[in-house]
Amino acid sequence: MTPLAKLLEAALFAAPRPISLAALEALDPESSPAAVAAAIDELREHYDVDGHGVELVEQGGGWQILTRVEFAEAIERAQVAVRPQKLSAAALETLAIVAYRQPIGRAEIEEIRGVAVGSVLKSLHERGLIDIVGRSEGIGRPLLYGTTPQFLEQFALRHLEELPRADELAIALRGAGNATVVPE
Amino acid sequence: MIAPNFRPVEAESSSFVIELSQFTGPLDLLLSLIRDEQVDIYDIPIARIAEQFLARISTLGLDEAADYLEMAARLLRIKAQMLLPRADGEESWEDPRAELVRRLLEYQQMREVVDLLERRGEERRHQFPRRFVPAAVDITPLNAPLSLSLGELLAAVDRVLRTTKEPKIHEVVPRALDVAGAMMTIRNVIAMRRAARWADLIGRDAEPWQILSVLLALLEMAKLGELRIAQHRPFASVEITRDAISEAA
């Protein structure tokens, strides 16, 4: 491996979170962005080709070393590490709305979901998946929520734009609507 | 339009038991009804759907009822509006179901995102990052009182409780502490020797209430000036001595 690839590996090993490309480039002021990109590729290939238990993954707005999928069960069984708990359906719905409509207030989320979401918002906030990003100008200046980098990390997203655009979503029910209207 | 007859619907739906807790809200229930009935979302047979909706929510618990009842009321209002005679100018007629359809489509769209997130989240759950643990902070003895807000304390307790997967629930049995008795014991012990240690004061198989009694007795006696409590290093054993002043007195 080149010295730069080794440096990246060391930094990625030490980091608690994914490291952004900008931060990786800042590690060695002598190296060009192109050289850093090449070193990332080199490191990734090193892990993939030489057969390592970990791999280099781009997600959560940066790069991170993760264990390979096939070892998850054994690692968890031996209680070396604990998987994050699965979110409830209600929490996922709320999170999906925040991801798409951020910054968004509680009332708007409740309008879309048709149920009260106070406690769900609180638990998502506690888990670090959403954060308060501001206050609306509306009446009562309600809090506005947005997703966090940890949200991207936990759902293996490189950035928010990786979510399909609203108009790209195939709505199963819309197809039925275009069919001939059945009189009641 | 299907005759608004409650019974057949009820009988039909009881053939397969539906748990309302499986739905995340009234829109979810509504979408599932529309899917089961295979009706066109742009032309919902509102009377039929409203009746089914009411039949399903009749088993509802009170705490979640409000959200469902609001939707039930909305459905019934739309049903009533649909029954109103229309003016000849069909063009100007606004479908009372339009707003509901918009919300259902919006909700359905969001559900697709949920599927996506669920898939990706599940994939990610099979990979672990390196667990970063900050190096232990060097603990130096503090003479000053701890600066800690109640919120920080509660958050810390919360963190500790979270480390256990299944919190064990203990049953608390109220038991009177015997502080006076413990004070007698301590007096006897320090009357015999100059210095005693915590372990000397509690028996090997002391019960929690006895330990607590001794602790409270120690604090009380320290306050009264009968003894001194000293700890030379953090986590070192606590040394209990007769107070020099009270001894002189």
# chains A, B, ... in the order shown; residues from 1 in each chain; ligands from 1

$ interface_residues --of "chain A" --to "chain B" --cutoff "6 Å" --atoms "only C-alpha atoms" --output "JSON, numbers by chain"
{"A": [16, 66, 67, 68, 69, 72, 90, 92, 93, 96, 115, 155, 156, 176, 177, 184]}

$ residues_around --residues "stretch 101-109 of chain A" --least-positions-apart "4" --cutoff "7 Å" --atoms "only C-alpha atoms" --output "ChimeraX atom specification"
/A:94,97,113,133,142-146

$ decode --residues "stretch 93-141 of chain A" --atoms "N, CA and C atoms" --output "compact mmCIF listing (two decimals), in the first residue's frame"
# COMPACT_ATOMS: atom_id res chain seq x y z
N GLU A 93 -42.11 5.56 9.86
CA GLU A 93 -42.97 6.47 9.10
C GLU A 93 -42.61 7.92 9.41
N THR A 94 -42.47 8.19 10.70
CA THR A 94 -42.15 9.56 11.12
C THR A 94 -40.79 9.98 10.56
N LEU A 95 -39.85 9.06 10.61
CA LEU A 95 -38.50 9.35 10.13
C LEU A 95 -38.53 9.62 8.62
N ALA A 96 -39.30 8.82 7.90
CA ALA A 96 -39.39 9.00 6.45
C ALA A 96 -39.94 10.39 6.11
N ILE A 97 -40.94 10.82 6.87
CA ILE A 97 -41.53 12.13 6.61
C ILE A 97 -40.52 13.23 6.91
N VAL A 98 -39.81 13.09 8.03
CA VAL A 98 -38.81 14.11 8.37
C VAL A 98 -37.73 14.15 7.29
N ALA A 99 -37.32 12.98 6.82
CA ALA A 99 -36.25 12.92 5.82
C ALA A 99 -36.64 13.67 4.55
N TYR A 100 -37.89 13.53 4.15
CA TYR A 100 -38.32 14.13 2.89
C TYR A 100 -38.74 15.58 3.02
N ARG A 101 -39.32 15.94 4.16
CA ARG A 101 -39.91 17.26 4.27
C ARG A 101 -39.12 18.20 5.15
N GLN A 102 -37.93 17.82 5.56
CA GLN A 102 -37.21 18.66 6.50
C GLN A 102 -36.85 20.01 5.89
N PRO A 103 -36.82 21.09 6.72
CA PRO A 103 -37.24 21.13 8.12
C PRO A 103 -38.77 21.09 8.23
N ILE A 104 -39.23 20.28 9.16
CA ILE A 104 -40.68 20.09 9.29
C ILE A 104 -41.09 20.11 10.76
N GLY A 105 -42.27 20.67 11.03
CA GLY A 105 -42.78 20.74 12.39
C GLY A 105 -43.67 19.56 12.71
N ARG A 106 -43.97 19.43 13.99
CA ARG A 106 -44.75 18.29 14.46
C ARG A 106 -46.13 18.23 13.81
N ALA A 107 -46.79 19.41 13.73
CA ALA A 107 -48.16 19.43 13.22
C ALA A 107 -48.24 18.89 11.79
N GLU A 108 -47.25 19.24 10.97
CA GLU A 108 -47.27 18.77 9.58
C GLU A 108 -47.09 17.25 9.52
N ILE A 109 -46.23 16.72 10.39
CA ILE A 109 -46.01 15.28 10.41
C ILE A 109 -47.31 14.57 10.81
N GLU A 110 -47.98 15.16 11.81
CA GLU A 110 -49.24 14.55 12.28
C GLU A 110 -50.30 14.61 11.18
N GLU A 111 -50.26 15.66 10.41
CA GLU A 111 -51.21 15.80 9.30
C GLU A 111 -51.01 14.67 8.29
N ILE A 112 -49.76 14.36 8.01
CA ILE A 112 -49.48 13.32 7.01
C ILE A 112 -49.76 11.93 7.58
N ARG A 113 -49.36 11.70 8.82
CA ARG A 113 -49.53 10.35 9.39
C ARG A 113 -50.91 10.12 9.96
N GLY A 114 -51.61 11.19 10.30
CA GLY A 114 -52.96 11.03 10.83
C GLY A 114 -53.00 10.60 12.29
N VAL A 115 -51.85 10.66 12.97
CA VAL A 115 -51.80 10.33 14.39
C VAL A 115 -50.87 11.29 15.12
N ALA A 116 -50.99 11.32 16.44
CA ALA A 116 -50.10 12.15 17.25
C ALA A 116 -48.69 11.54 17.23
N VAL A 117 -47.67 12.39 17.11
CA VAL A 117 -46.31 11.85 16.97
C VAL A 117 -45.34 12.35 18.04
N GLY A 118 -45.88 13.01 19.08
CA GLY A 118 -45.01 13.59 20.10
C GLY A 118 -43.99 12.61 20.67
N SER A 119 -44.46 11.45 21.13
CA SER A 119 -43.54 10.53 21.80
C SER A 119 -42.58 9.89 20.79
N VAL A 120 -43.05 9.68 19.56
CA VAL A 120 -42.18 9.09 18.54
C VAL A 120 -41.04 10.06 18.21
N LEU A 121 -41.38 11.35 18.11
CA LEU A 121 -40.35 12.35 17.83
C LEU A 121 -39.31 12.35 18.94
N LYS A 122 -39.79 12.24 20.16
CA LYS A 122 -38.88 12.27 21.31
C LYS A 122 -37.91 11.10 21.24
N SER A 123 -38.42 9.91 20.93
CA SER A 123 -37.52 8.76 20.93
C SER A 123 -36.57 8.81 19.74
N LEU A 124 -37.02 9.34 18.60
CA LEU A 124 -36.11 9.49 17.46
C LEU A 124 -35.00 10.49 17.79
N HIS A 125 -35.39 11.52 18.54
CA HIS A 125 -34.42 12.53 18.94
C HIS A 125 -33.40 11.92 19.91
N GLU A 126 -33.90 11.12 20.83
CA GLU A 126 -33.01 10.48 21.80
C GLU A 126 -32.03 9.53 21.13
N ARG A 127 -32.48 8.90 20.06
CA ARG A 127 -31.61 7.98 19.34
C ARG A 127 -30.65 8.72 18.41
N GLY A 128 -30.78 10.03 18.36
CA GLY A 128 -29.85 10.82 17.54
C GLY A 128 -30.14 10.75 16.05
N LEU A 129 -31.34 10.30 15.68
CA LEU A 129 -31.66 10.19 14.25
C LEU A 129 -32.23 11.48 13.70
N ILE A 130 -32.87 12.25 14.56
CA ILE A 130 -33.35 13.57 14.13
C ILE A 130 -32.89 14.60 15.15
N ASP A 131 -32.91 15.84 14.72
CA ASP A 131 -32.49 16.90 15.62
C ASP A 131 -33.38 18.12 15.37
N ILE A 132 -33.39 18.99 16.35
CA ILE A 132 -34.13 20.23 16.17
C ILE A 132 -33.26 21.17 15.34
N VAL A 133 -33.77 21.61 14.21
CA VAL A 133 -32.94 22.41 13.33
C VAL A 133 -33.36 23.88 13.30
N GLY A 134 -34.43 24.20 14.00
CA GLY A 134 -34.85 25.59 14.03
C GLY A 134 -36.27 25.71 14.50
N ARG A 135 -36.79 26.95 14.34
CA ARG A 135 -38.17 27.18 14.72
C ARG A 135 -38.89 27.79 13.53
N SER A 136 -40.14 27.39 13.37
CA SER A 136 -40.91 27.94 12.27
C SER A 136 -41.34 29.37 12.61
N GLU A 137 -41.63 30.13 11.56
CA GLU A 137 -42.12 31.49 11.77
C GLU A 137 -43.61 31.49 12.12
N GLY A 138 -44.23 30.33 12.02
CA GLY A 138 -45.67 30.23 12.23
C GLY A 138 -46.09 30.51 13.66
N ILE A 139 -47.38 30.40 13.89
CA ILE A 139 -47.93 30.68 15.21
C ILE A 139 -47.34 29.74 16.25
N GLY A 140 -46.89 30.31 17.35
CA GLY A 140 -46.30 29.50 18.42
C GLY A 140 -44.87 29.13 18.14
N ARG A 141 -44.35 29.56 17.00
CA ARG A 141 -42.96 29.24 16.60
C ARG A 141 -42.61 27.80 16.92
